[in-house]
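One file, input-v3.cif, carrying mmCIF, C-alpha atoms:
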data_coords
loop_
_atom_site.label_atom_id
_atom_site.label_comp_id
_atom_site.auth_asym_id
_atom_site.auth_seq_id
_atom_site.Cartn_x
_atom_site.Cartn_y
_atom_site.Cartn_z
CA MET A 1 -2.51 -6.89 8.66
CA LYS A 2 -3.20 -3.93 6.40
CA GLU A 3 -3.46 -5.97 3.20
CA LEU A 4 -4.62 -9.52 2.43
CA SER A 5 -1.43 -9.95 0.40
CA LEU A 6 0.47 -9.80 3.71
CA ASN A 7 -1.68 -12.65 5.06
CA VAL A 8 -0.86 -14.60 1.90
CA LEU A 9 2.85 -14.00 2.51
CA ASP A 10 2.48 -15.15 6.11
CA ILE A 11 0.46 -18.30 5.35
CA ALA A 12 2.76 -19.27 2.46
CA CYS A 13 5.70 -19.06 4.91
CA ASN A 14 4.00 -21.90 6.85
CA SER A 15 4.11 -23.98 3.66
CA VAL A 16 7.81 -23.21 3.26
CA LYS A 17 8.39 -24.25 6.86
CA ALA A 18 6.45 -27.48 6.24
CA GLY A 19 9.16 -28.46 3.77
CA ALA A 20 7.06 -28.13 0.62
CA ASP A 21 8.82 -28.14 -2.74
CA LYS A 22 5.74 -26.96 -4.61
CA ILE A 23 3.39 -24.23 -3.44
CA ASP A 24 0.31 -23.02 -5.31
CA ILE A 25 -1.25 -19.64 -4.69
CA LEU A 26 -4.57 -19.34 -6.44
CA LEU A 27 -6.78 -16.25 -6.32
CA THR A 28 -10.23 -16.43 -7.86
CA GLU A 29 -12.20 -13.26 -8.04
CA ASN A 30 -15.52 -12.01 -9.32
CA GLU A 31 -17.64 -8.94 -8.66
CA GLU A 32 -18.76 -10.14 -5.22
CA GLU A 33 -16.12 -12.51 -3.91
CA LEU A 34 -12.41 -13.12 -3.65
CA THR A 35 -11.20 -16.63 -2.83
CA ILE A 36 -7.60 -17.18 -1.81
CA SER A 37 -6.23 -20.71 -1.81
CA ILE A 38 -2.72 -21.64 -0.69
CA SER A 39 -1.79 -25.28 -1.12
CA ASP A 40 1.44 -27.13 -0.62
CA ASN A 41 2.96 -30.60 -0.66
CA GLY A 42 4.68 -30.12 2.70
CA CYS A 43 4.63 -32.48 5.68
CA GLY A 44 0.99 -31.72 6.55
CA MET A 45 -0.63 -31.74 9.98
CA LYS A 46 -2.02 -34.54 12.08
CA ALA A 47 -5.74 -34.53 12.93
CA ASP A 48 -5.34 -33.31 16.52
CA PHE A 49 -3.14 -30.37 15.48
CA LEU A 50 -5.40 -29.51 12.56
CA GLU A 51 -8.50 -29.47 14.74
CA ASP A 52 -7.01 -26.75 16.89
CA VAL A 53 -4.93 -24.94 14.29
CA ALA A 54 -6.92 -21.69 14.31
CA ASN A 55 -6.37 -21.37 18.07
CA PRO A 56 -3.84 -18.59 18.73
CA PHE A 57 -2.24 -20.71 21.44
CA ARG A 58 -1.45 -23.47 18.99
CA THR A 59 1.78 -22.68 17.21
CA THR A 60 4.94 -24.24 15.86
CA ARG A 61 7.02 -21.23 16.71
CA THR A 62 9.61 -21.81 19.39
CA THR A 63 10.14 -18.21 20.45
CA ARG A 64 6.62 -17.58 21.78
CA LYS A 65 3.56 -19.55 22.82
CA VAL A 66 1.27 -17.56 20.54
CA GLY A 67 0.80 -17.91 16.78
CA LEU A 68 -1.47 -15.44 15.03
CA GLY A 69 -0.93 -16.20 11.34
CA ILE A 70 -3.90 -18.50 10.78
CA PRO A 71 -6.21 -16.79 13.33
CA LEU A 72 -5.66 -13.41 11.64
CA PHE A 73 -6.31 -14.80 8.15
CA LYS A 74 -9.43 -16.58 9.37
CA MET A 75 -10.67 -13.43 11.11
CA ALA A 76 -10.10 -11.35 7.96
CA ALA A 77 -12.36 -13.76 6.02
CA LEU A 78 -15.06 -14.29 8.64
CA GLN A 79 -15.42 -10.57 9.36
CA THR A 80 -16.67 -10.15 5.77
CA ASP A 81 -19.24 -12.97 6.27
CA GLY A 82 -16.88 -15.10 4.25
CA GLU A 83 -15.61 -18.63 4.70
CA PHE A 84 -12.44 -20.27 5.91
CA SER A 85 -11.14 -23.82 5.85
CA ILE A 86 -7.94 -25.79 6.23
CA THR A 87 -7.49 -29.36 5.09
CA SER A 88 -4.32 -31.32 5.59
CA LYS A 89 -2.82 -34.74 5.09
CA HIS A 90 0.12 -35.66 7.29
CA LYS A 91 3.02 -37.46 5.68
CA ASP A 92 2.89 -40.33 8.19
CA GLU A 93 -0.65 -41.23 7.20
CA PHE A 94 -0.41 -40.21 3.53
CA PRO A 95 3.16 -40.90 2.48
CA GLU A 96 2.35 -40.54 -1.21
CA GLU A 97 0.21 -37.45 -1.25
CA HIS A 98 0.57 -35.13 1.73
CA GLY A 99 0.26 -31.40 2.23
CA THR A 100 -1.99 -28.60 3.40
CA GLN A 101 -4.57 -26.41 1.71
CA THR A 102 -5.85 -23.18 3.24
CA VAL A 103 -8.85 -21.55 1.57
CA ALA A 104 -10.44 -18.25 2.51
CA THR A 105 -13.35 -16.54 0.81
CA PHE A 106 -14.02 -12.84 1.25
CA ARG A 107 -17.10 -10.79 0.44
CA LYS A 108 -15.67 -7.74 -1.30
CA GLY A 109 -18.69 -5.52 -0.69
CA HIS A 110 -18.53 -5.94 3.08
CA ILE A 111 -17.37 -2.89 5.03
CA ASP A 112 -14.76 -5.00 6.84
CA PHE A 113 -13.17 -6.33 3.65
CA THR A 114 -9.40 -5.83 3.70
CA PRO A 115 -8.01 -4.90 0.28
CA LEU A 116 -5.72 -7.38 -1.43
CA GLY A 117 -2.89 -4.84 -1.73
CA ASP A 118 0.49 -5.50 -3.29
CA ILE A 119 0.26 -9.18 -4.21
CA VAL A 120 3.12 -8.84 -6.73
CA SER A 121 5.44 -7.86 -3.90
CA THR A 122 4.29 -10.89 -1.89
CA VAL A 123 5.05 -13.24 -4.79
CA THR A 124 8.52 -11.77 -5.41
CA VAL A 125 9.41 -11.83 -1.70
CA LEU A 126 8.38 -15.51 -1.51
CA ILE A 127 10.45 -16.43 -4.56
CA GLN A 128 13.42 -14.40 -3.31
CA GLY A 129 13.22 -16.13 0.06
CA SER A 130 12.82 -19.70 -1.23
CA PRO A 131 14.11 -19.86 -4.80
CA LEU A 132 14.35 -23.65 -4.80
CA ILE A 133 10.62 -24.16 -4.32
CA ARG A 134 8.35 -24.40 -7.35
CA TRP A 135 5.94 -21.48 -7.00
CA CYS A 136 2.74 -21.45 -9.03
CA PHE A 137 0.80 -18.22 -8.83
CA CYS A 138 -2.49 -17.62 -10.57
CA HIS A 139 -5.00 -14.81 -10.17
CA LYS A 140 -8.22 -15.39 -12.08
CA THR A 141 -10.49 -12.40 -12.55
CA GLU A 142 -13.49 -11.75 -14.76
CA LYS A 143 -11.28 -9.65 -17.02
CA GLY A 144 -8.65 -12.32 -17.50
CA GLN A 145 -5.89 -14.00 -15.54
CA VAL A 146 -2.36 -13.37 -14.33
CA SER A 147 -0.08 -16.36 -13.82
CA LEU A 148 3.45 -17.46 -13.15
CA ASP A 149 5.09 -20.88 -12.79
CA THR A 150 8.70 -20.72 -11.62
CA ASP A 151 9.46 -24.04 -13.33
CA GLU A 152 8.96 -22.33 -16.69
CA LEU A 153 11.42 -19.63 -15.66
CA LYS A 154 13.94 -22.18 -14.38
CA ALA A 155 13.81 -23.96 -17.73
CA VAL A 156 15.05 -20.72 -19.34
CA LEU A 157 17.44 -19.67 -16.58
CA GLY A 158 19.40 -22.90 -16.18
CA ALA A 159 22.06 -22.34 -13.51
CA VAL A 160 21.10 -18.72 -12.81
CA PRO A 161 19.15 -18.72 -9.55
CA LEU A 162 15.65 -17.29 -9.21
CA ASP A 163 16.76 -15.00 -6.39
CA ASN A 164 19.14 -13.14 -8.68
CA TYR A 165 18.27 -9.45 -8.42
CA GLU A 166 17.63 -8.95 -12.13
CA VAL A 167 15.49 -12.08 -12.28
CA ILE A 168 13.40 -10.92 -9.31
CA ASN A 169 12.93 -7.55 -10.99
CA TRP A 170 11.94 -9.25 -14.21
CA ILE A 171 9.34 -11.35 -12.36
CA SER A 172 7.94 -8.23 -10.69
CA GLU A 173 7.65 -6.38 -14.01
CA TYR A 174 6.28 -9.49 -15.76
CA LEU A 175 3.42 -9.77 -13.24
CA LYS A 176 2.72 -6.02 -13.23
CA GLU A 177 2.47 -6.01 -17.03
CA GLN A 178 0.05 -8.92 -16.94
CA TYR A 179 -2.12 -6.97 -14.48
CA ASN A 180 -2.00 -3.90 -16.71
CA GLU A 181 -2.90 -6.02 -19.70
CA ILE A 182 -6.16 -7.20 -18.12
CA GLY A 183 -6.82 -3.75 -16.67
CA TYR A 184 -6.90 -4.93 -13.06
CA MET B 1 5.48 -7.00 -22.90
CA LYS B 2 8.09 -8.90 -20.88
CA SER B 3 9.03 -12.12 -22.57
CA LEU B 4 10.94 -15.28 -21.76
CA ALA B 5 13.46 -14.14 -24.40
CA GLU B 6 14.30 -11.24 -22.13
CA LEU B 7 14.83 -13.69 -19.29
CA ALA B 8 17.20 -15.66 -21.52
CA ALA B 9 19.18 -12.45 -22.07
CA ILE B 10 19.47 -12.00 -18.29
CA LYS B 11 20.74 -15.56 -18.09
CA GLU B 12 23.46 -14.90 -20.68
CA LYS B 13 24.55 -11.81 -18.81
CA MET B 14 24.54 -13.48 -15.39
CA GLN B 15 26.04 -16.85 -16.19
CA ASN B 16 29.63 -15.73 -15.76
CA LYS B 17 28.91 -13.96 -12.51
CA VAL B 18 27.15 -16.95 -10.94
CA VAL B 19 30.34 -18.93 -10.64
CA LEU B 20 32.05 -16.06 -8.87
CA ARG B 21 29.21 -15.50 -6.43
CA GLU B 22 29.05 -18.93 -4.91
CA GLY B 23 30.42 -18.94 -1.41
CA SER B 24 31.88 -15.48 -1.72
CA SER B 25 29.26 -13.62 0.32
CA ASP B 26 30.79 -12.46 3.54
CA ILE B 27 27.92 -10.42 4.94
CA ARG B 28 24.46 -11.82 5.58
CA VAL B 29 21.43 -9.58 6.10
CA VAL B 30 18.59 -11.52 7.74
CA VAL B 31 15.09 -10.06 7.85
CA GLY B 32 12.52 -11.51 10.29
CA MET B 33 9.48 -12.56 8.27
CA ALA B 34 7.10 -14.25 10.71
CA THR B 35 3.56 -12.96 11.37
CA CYS B 36 4.91 -10.31 13.74
CA GLY B 37 7.50 -9.01 11.27
CA ILE B 38 5.14 -9.04 8.29
CA ALA B 39 2.43 -7.19 10.21
CA ALA B 40 4.97 -4.57 11.33
CA GLY B 41 6.19 -3.89 7.78
CA ALA B 42 9.01 -6.35 7.06
CA ARG B 43 8.04 -6.81 3.40
CA PRO B 44 8.99 -3.28 2.26
CA VAL B 45 12.11 -3.44 4.47
CA LEU B 46 13.23 -6.65 2.76
CA ASN B 47 12.54 -5.16 -0.67
CA ALA B 48 14.54 -2.06 0.25
CA PHE B 49 17.53 -4.18 1.29
CA VAL B 50 17.41 -6.27 -1.89
CA GLU B 51 17.21 -3.16 -4.04
CA GLU B 52 19.75 -1.01 -2.21
CA VAL B 53 22.33 -3.79 -1.88
CA ASN B 54 22.16 -4.18 -5.61
CA ASN B 55 22.22 -0.42 -6.31
CA ALA B 56 25.29 -0.09 -4.09
CA GLY B 57 27.05 -2.76 -6.14
CA LEU B 58 27.31 -5.06 -3.11
CA ALA B 59 25.46 -8.04 -4.60
CA ASP B 60 28.61 -10.17 -4.65
CA LYS B 61 29.47 -9.39 -1.07
CA VAL B 62 26.10 -9.29 0.68
CA THR B 63 23.28 -11.85 0.75
CA VAL B 64 19.79 -10.83 1.85
CA THR B 65 17.79 -13.66 3.41
CA GLN B 66 14.61 -14.22 5.39
CA THR B 67 13.94 -15.99 8.66
CA GLY B 68 11.05 -16.69 11.01
CA CYS B 69 10.36 -15.07 14.36
CA ILE B 70 13.52 -13.80 16.04
CA GLY B 71 11.71 -13.56 19.39
CA ILE B 72 11.51 -9.82 19.97
CA CYS B 73 8.18 -9.18 18.26
CA GLN B 74 7.68 -5.77 19.91
CA PHE B 75 10.74 -4.45 18.05
CA GLU B 76 9.78 -5.67 14.58
CA PRO B 77 10.71 -5.21 11.79
CA VAL B 78 13.99 -6.72 13.02
CA VAL B 79 17.07 -7.12 10.83
CA GLU B 80 20.22 -8.99 11.83
CA ILE B 81 23.57 -8.47 10.14
CA TYR B 82 26.10 -11.30 10.30
CA GLU B 83 29.66 -10.67 9.23
CA ALA B 84 32.50 -13.16 9.57
CA GLY B 85 34.75 -12.32 12.51
CA LYS B 86 32.43 -9.64 13.90
CA ASP B 87 29.63 -9.54 16.47
CA LYS B 88 26.09 -9.83 15.16
CA VAL B 89 24.34 -6.47 14.81
CA THR B 90 20.59 -6.35 15.47
CA TYR B 91 18.66 -3.43 14.00
CA VAL B 92 15.14 -2.91 15.32
CA LYS B 93 11.99 -1.02 14.28
CA MET B 94 13.30 -0.82 10.74
CA SER B 95 11.79 1.02 7.79
CA PRO B 96 12.74 1.13 4.10
CA GLU B 97 14.43 4.52 4.73
CA LYS B 98 16.51 3.14 7.60
CA ALA B 99 17.36 0.12 5.46
CA LYS B 100 18.79 2.40 2.80
CA GLU B 101 20.90 4.14 5.42
CA VAL B 102 22.14 0.83 6.82
CA VAL B 103 23.24 -0.26 3.34
CA GLU B 104 25.14 2.98 2.78
CA LYS B 105 26.74 3.47 6.18
CA HIS B 106 27.08 -0.05 7.57
CA LEU B 107 27.30 -2.48 4.66
CA LYS B 108 29.21 -0.11 2.36
CA GLY B 109 30.89 2.22 4.83
CA GLY B 110 31.60 -0.31 7.55
CA SER B 111 30.22 1.67 10.49
CA VAL B 112 27.29 0.41 12.56
CA ILE B 113 24.41 2.88 12.99
CA ALA B 114 24.14 2.65 16.77
CA ASP B 115 20.88 4.62 16.96
CA TYR B 116 18.97 1.88 15.18
CA THR B 117 20.42 -1.06 17.09
CA ILE B 118 18.63 -2.96 19.85
CA SER B 119 21.09 -1.80 22.49
CA ASN B 120 19.84 1.75 22.04
CA ILE B 121 16.17 0.99 22.65
#

Spell out the structure here as structure tokens.
Amino acid sequence: MKELSLNVLDIACNSVKAGADKIDILLTENEEELTISISDNGCGMKADFLEDVANPFRTTRTTRKVGLGIPLFKMAALQTDGEFSITSKHKDEFPEEHGTQTVATFRKGHIDFTPLGDIVSTVTVLIQGSPLIRWCFCHKTEKGQVSLDTDELKAVLGAVPLDNYEVINWISEYLKEQYNEIGY
Amino acid sequence: MKSLAELAAIKEKMQNKVVLREGSSDIRVVVGMATCGIAAGARPVLNAFVEEVNNAGLADKVTVTQTGCIGICQFEPVVEIYEAGKDKVTYVKMSPEKAKEVVEKHLKGGSVIADYTISNI
């Protein structure tokens, strides 16, 4: 993966596949570190699956026996001397409050740090692909924060779907302007 | 600065069209967006399709959607085109430039670009 934003896109697709109807993407950044957290209220994973989830030979895909999404994201974090964790509650054991949270911390000064890249494009592609999910995106930096909650947009849009081309363009411009505003 | 008022204006403009759109799409463009596709460059390909379909005025006729791994990871980015009454067309090793061409020649013009299909690999 050339950009961390592509890992974010990939990991968030797991949340979509887990049947989540709310997905939070939170980026927290300071001079030294970038922490990416992706959390959902999907079906979650059972303990035995979770234990082995970063193993490339553990996958839910049906077309191949190899799954590299989580291993690649983990590698990208650990190669910067960063941290990586996944916690999950399966719906069978936690019927009220289930879901998965993936958190990766990167040391930005490390030579093997992968740049974040086009995160706006990741957010718009996710919304375009799953417009019925409530997406909450927030990027906190020392200069200020950029955020978007699709529920707020839906309240304005009514019956017009989020994957409407003009709406997607508006979201893209809205996020870009917020980034410009804080001088990111 | 973009405002929610602007979004409300988009809503006003779109509301009438929404009713027409439902169920009227007869071509489906499906972009593979699993780890393999994403790593190979599916994100800009998807964006190109969304943009070009709209620029070509095909938004009412064509829907652009995403799917997981199609199973031919070595040929990613892979794009499948489904059209009622026709065989599925699978384009492989796509790029935003090729996507633009597919919109013009295939989706608009009706002729498959054989050079980009899986049968020509």

Would you mind listing, for every residue of chain A within 8 Å of chain B, the two atoms forming the shortest contact and the distance between them in Å to one decimal, using all atoms listed in the file, sorted by chain and ascending residue number, as JSON lines?
{"residue": "A:Met1", "atom": "CA", "partner": "B:Ala39", "partner_atom": "CA", "distance": 5.2}
{"residue": "A:Lys2", "atom": "CA", "partner": "B:Ala39", "partner_atom": "CA", "distance": 7.5}
{"residue": "A:Leu6", "atom": "CA", "partner": "B:Ile38", "partner_atom": "CA", "distance": 6.6}
{"residue": "A:Leu9", "atom": "CA", "partner": "B:Ile38", "partner_atom": "CA", "distance": 8.0}
{"residue": "A:Asp10", "atom": "CA", "partner": "B:Thr35", "partner_atom": "CA", "distance": 5.8}
{"residue": "A:Cys13", "atom": "CA", "partner": "B:Ala34", "partner_atom": "CA", "distance": 7.7}
{"residue": "A:Arg61", "atom": "CA", "partner": "B:Cys69", "partner_atom": "CA", "distance": 7.4}
{"residue": "A:Thr63", "atom": "CA", "partner": "B:Gly71", "partner_atom": "CA", "distance": 5.0}
{"residue": "A:Arg64", "atom": "CA", "partner": "B:Gly71", "partner_atom": "CA", "distance": 6.9}
{"residue": "A:Gly67", "atom": "CA", "partner": "B:Thr35", "partner_atom": "CA", "distance": 7.8}
{"residue": "A:Leu68", "atom": "CA", "partner": "B:Thr35", "partner_atom": "CA", "distance": 6.7}
{"residue": "A:Gly69", "atom": "CA", "partner": "B:Thr35", "partner_atom": "CA", "distance": 5.5}
{"residue": "A:Ser121", "atom": "CA", "partner": "B:Arg43", "partner_atom": "CA", "distance": 7.8}
{"residue": "A:Thr122", "atom": "CA", "partner": "B:Arg43", "partner_atom": "CA", "distance": 7.7}
{"residue": "A:Val125", "atom": "CA", "partner": "B:Arg43", "partner_atom": "CA", "distance": 7.3}
{"residue": "A:Gly129", "atom": "CA", "partner": "B:Gln66", "partner_atom": "CA", "distance": 5.8}
{"residue": "A:Leu153", "atom": "CA", "partner": "B:Leu4", "partner_atom": "CA", "distance": 7.5}
{"residue": "A:Val156", "atom": "CA", "partner": "B:Ala8", "partner_atom": "CA", "distance": 5.9}
{"residue": "A:Leu157", "atom": "CA", "partner": "B:Lys11", "partner_atom": "CA", "distance": 5.5}
{"residue": "A:Gly158", "atom": "CA", "partner": "B:Lys11", "partner_atom": "CA", "distance": 7.7}
{"residue": "A:Ala159", "atom": "CA", "partner": "B:Gln15", "partner_atom": "CA", "distance": 7.3}
{"residue": "A:Val160", "atom": "CA", "partner": "B:Lys11", "partner_atom": "CA", "distance": 6.2}
{"residue": "A:Tyr165", "atom": "CA", "partner": "B:Asn54", "partner_atom": "CA", "distance": 7.1}
{"residue": "A:Glu166", "atom": "CA", "partner": "B:Ile10", "partner_atom": "CA", "distance": 7.1}
{"residue": "A:Val167", "atom": "CA", "partner": "B:Ile10", "partner_atom": "CA", "distance": 7.2}
{"residue": "A:Trp170", "atom": "CA", "partner": "B:Leu7", "partner_atom": "CA", "distance": 7.3}
{"residue": "A:Glu173", "atom": "CA", "partner": "B:Lys2", "partner_atom": "CA", "distance": 7.3}
{"residue": "A:Tyr174", "atom": "CA", "partner": "B:Lys2", "partner_atom": "CA", "distance": 5.5}
{"residue": "A:Glu177", "atom": "CA", "partner": "B:Met1", "partner_atom": "CA", "distance": 6.7}

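Across the model, the gap from atom CA of Thr150 of chain A to atom CA of Val31 of chain B is 23.1 Å.
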
Just say which residues the PyMOL selection byres ((chain A and resi 4) around 9) picks in this file, as a PyMOL selection string. chain A and resi 1-3+5-9+73+76+114-119

Residues from last step as file, C-alpha atoms, as a PDB file, in the coordinates of the input:
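See part10.pdb below for the written result:
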ATOM      1  CA  MET A   1      -2.510  -6.890   8.660  1.00  0.00           C
ATOM      2  CA  LYS A   2      -3.200  -3.930   6.400  1.00  0.00           C
ATOM      3  CA  GLU A   3      -3.460  -5.970   3.200  1.00  0.00           C
ATOM      4  CA  SER A   5      -1.430  -9.950   0.400  1.00  0.00           C
ATOM      5  CA  LEU A   6       0.470  -9.800   3.710  1.00  0.00           C
ATOM      6  CA  ASN A   7      -1.680 -12.650   5.060  1.00  0.00           C
ATOM      7  CA  VAL A   8      -0.860 -14.600   1.900  1.00  0.00           C
ATOM      8  CA  LEU A   9       2.850 -14.000   2.510  1.00  0.00           C
ATOM      9  CA  PHE A  73      -6.310 -14.800   8.150  1.00  0.00           C
ATOM     10  CA  ALA A  76     -10.100 -11.350   7.960  1.00  0.00           C
ATOM     11  CA  THR A 114      -9.400  -5.830   3.700  1.00  0.00           C
ATOM     12  CA  PRO A 115      -8.010  -4.900   0.280  1.00  0.00           C
ATOM     13  CA  LEU A 116      -5.720  -7.380  -1.430  1.00  0.00           C
ATOM     14  CA  GLY A 117      -2.890  -4.840  -1.730  1.00  0.00           C
ATOM     15  CA  ASP A 118       0.490  -5.500  -3.290  1.00  0.00           C
ATOM     16  CA  ILE A 119       0.260  -9.180  -4.210  1.00  0.00           C
TER      17      ILE A 119
END

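Distances here use all atoms listed in the file; by that measure, the residue among B:Ala48, B:Ala56, B:Val62, B:Val112 closest to Asp26 of chain B is B:Val62.
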
Find the smallest box with edges along x, y and z containing every listed atom of segment 27-36 of chain B, then add 5 Å on each side and report centre and edge lengths in Å to one decimal, as AutoDock Vina command-line options.
--center_x 15.7 --center_y -11.9 --center_z 9.3 --size_x 34.4 --size_y 14.7 --size_z 18.8

Filled-in N, CA and C atoms of segment 25-43 of chain B, supplied as a short mmCIF file (atom, residue, chain, number, x, y, z; two decimals), in the frame of the given file:
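Listed below is the output, part.cif:
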data_model
loop_
_atom_site.label_atom_id
_atom_site.label_comp_id
_atom_site.auth_asym_id
_atom_site.auth_seq_id
_atom_site.Cartn_x
_atom_site.Cartn_y
_atom_site.Cartn_z
N SER B 25 29.95 -14.61 -0.51
CA SER B 25 29.26 -13.62 0.32
C SER B 25 29.83 -13.61 1.72
N ASP B 26 30.30 -12.45 2.17
CA ASP B 26 30.79 -12.46 3.54
C ASP B 26 29.92 -11.70 4.53
N ILE B 27 28.87 -11.06 4.03
CA ILE B 27 27.92 -10.42 4.94
C ILE B 27 26.52 -10.98 4.65
N ARG B 28 25.83 -11.29 5.74
CA ARG B 28 24.46 -11.82 5.58
C ARG B 28 23.48 -10.89 6.29
N VAL B 29 22.48 -10.43 5.53
CA VAL B 29 21.43 -9.58 6.10
C VAL B 29 20.20 -10.47 6.26
N VAL B 30 19.72 -10.63 7.50
CA VAL B 30 18.59 -11.52 7.74
C VAL B 30 17.39 -10.73 8.24
N VAL B 31 16.29 -10.81 7.50
CA VAL B 31 15.09 -10.06 7.85
C VAL B 31 14.06 -11.02 8.46
N GLY B 32 13.53 -10.68 9.62
CA GLY B 32 12.52 -11.51 10.29
C GLY B 32 11.19 -11.42 9.57
N MET B 33 10.71 -12.57 9.08
CA MET B 33 9.48 -12.56 8.27
C MET B 33 8.42 -13.51 8.83
N ALA B 34 8.23 -13.50 10.16
CA ALA B 34 7.10 -14.25 10.71
C ALA B 34 5.90 -13.30 10.76
N THR B 35 4.78 -13.78 11.31
CA THR B 35 3.56 -12.96 11.37
C THR B 35 3.85 -11.58 11.95
N CYS B 36 4.62 -11.58 13.05
CA CYS B 36 4.91 -10.31 13.74
C CYS B 36 5.66 -9.34 12.83
N GLY B 37 6.69 -9.86 12.15
CA GLY B 37 7.50 -9.01 11.27
C GLY B 37 6.69 -8.50 10.09
N ILE B 38 5.94 -9.41 9.47
CA ILE B 38 5.14 -9.04 8.29
C ILE B 38 4.13 -7.95 8.65
N ALA B 39 3.45 -8.15 9.80
CA ALA B 39 2.43 -7.19 10.21
C ALA B 39 3.06 -5.83 10.50
N ALA B 40 4.31 -5.83 10.96
CA ALA B 40 4.97 -4.57 11.33
C ALA B 40 5.63 -3.89 10.14
N GLY B 41 5.64 -4.54 8.97
CA GLY B 41 6.19 -3.89 7.78
C GLY B 41 7.51 -4.46 7.28
N ALA B 42 7.74 -5.75 7.51
CA ALA B 42 9.01 -6.35 7.06
C ALA B 42 9.12 -6.48 5.54
N ARG B 43 7.98 -6.61 4.86
CA ARG B 43 8.04 -6.81 3.40
C ARG B 43 8.72 -5.65 2.68
#
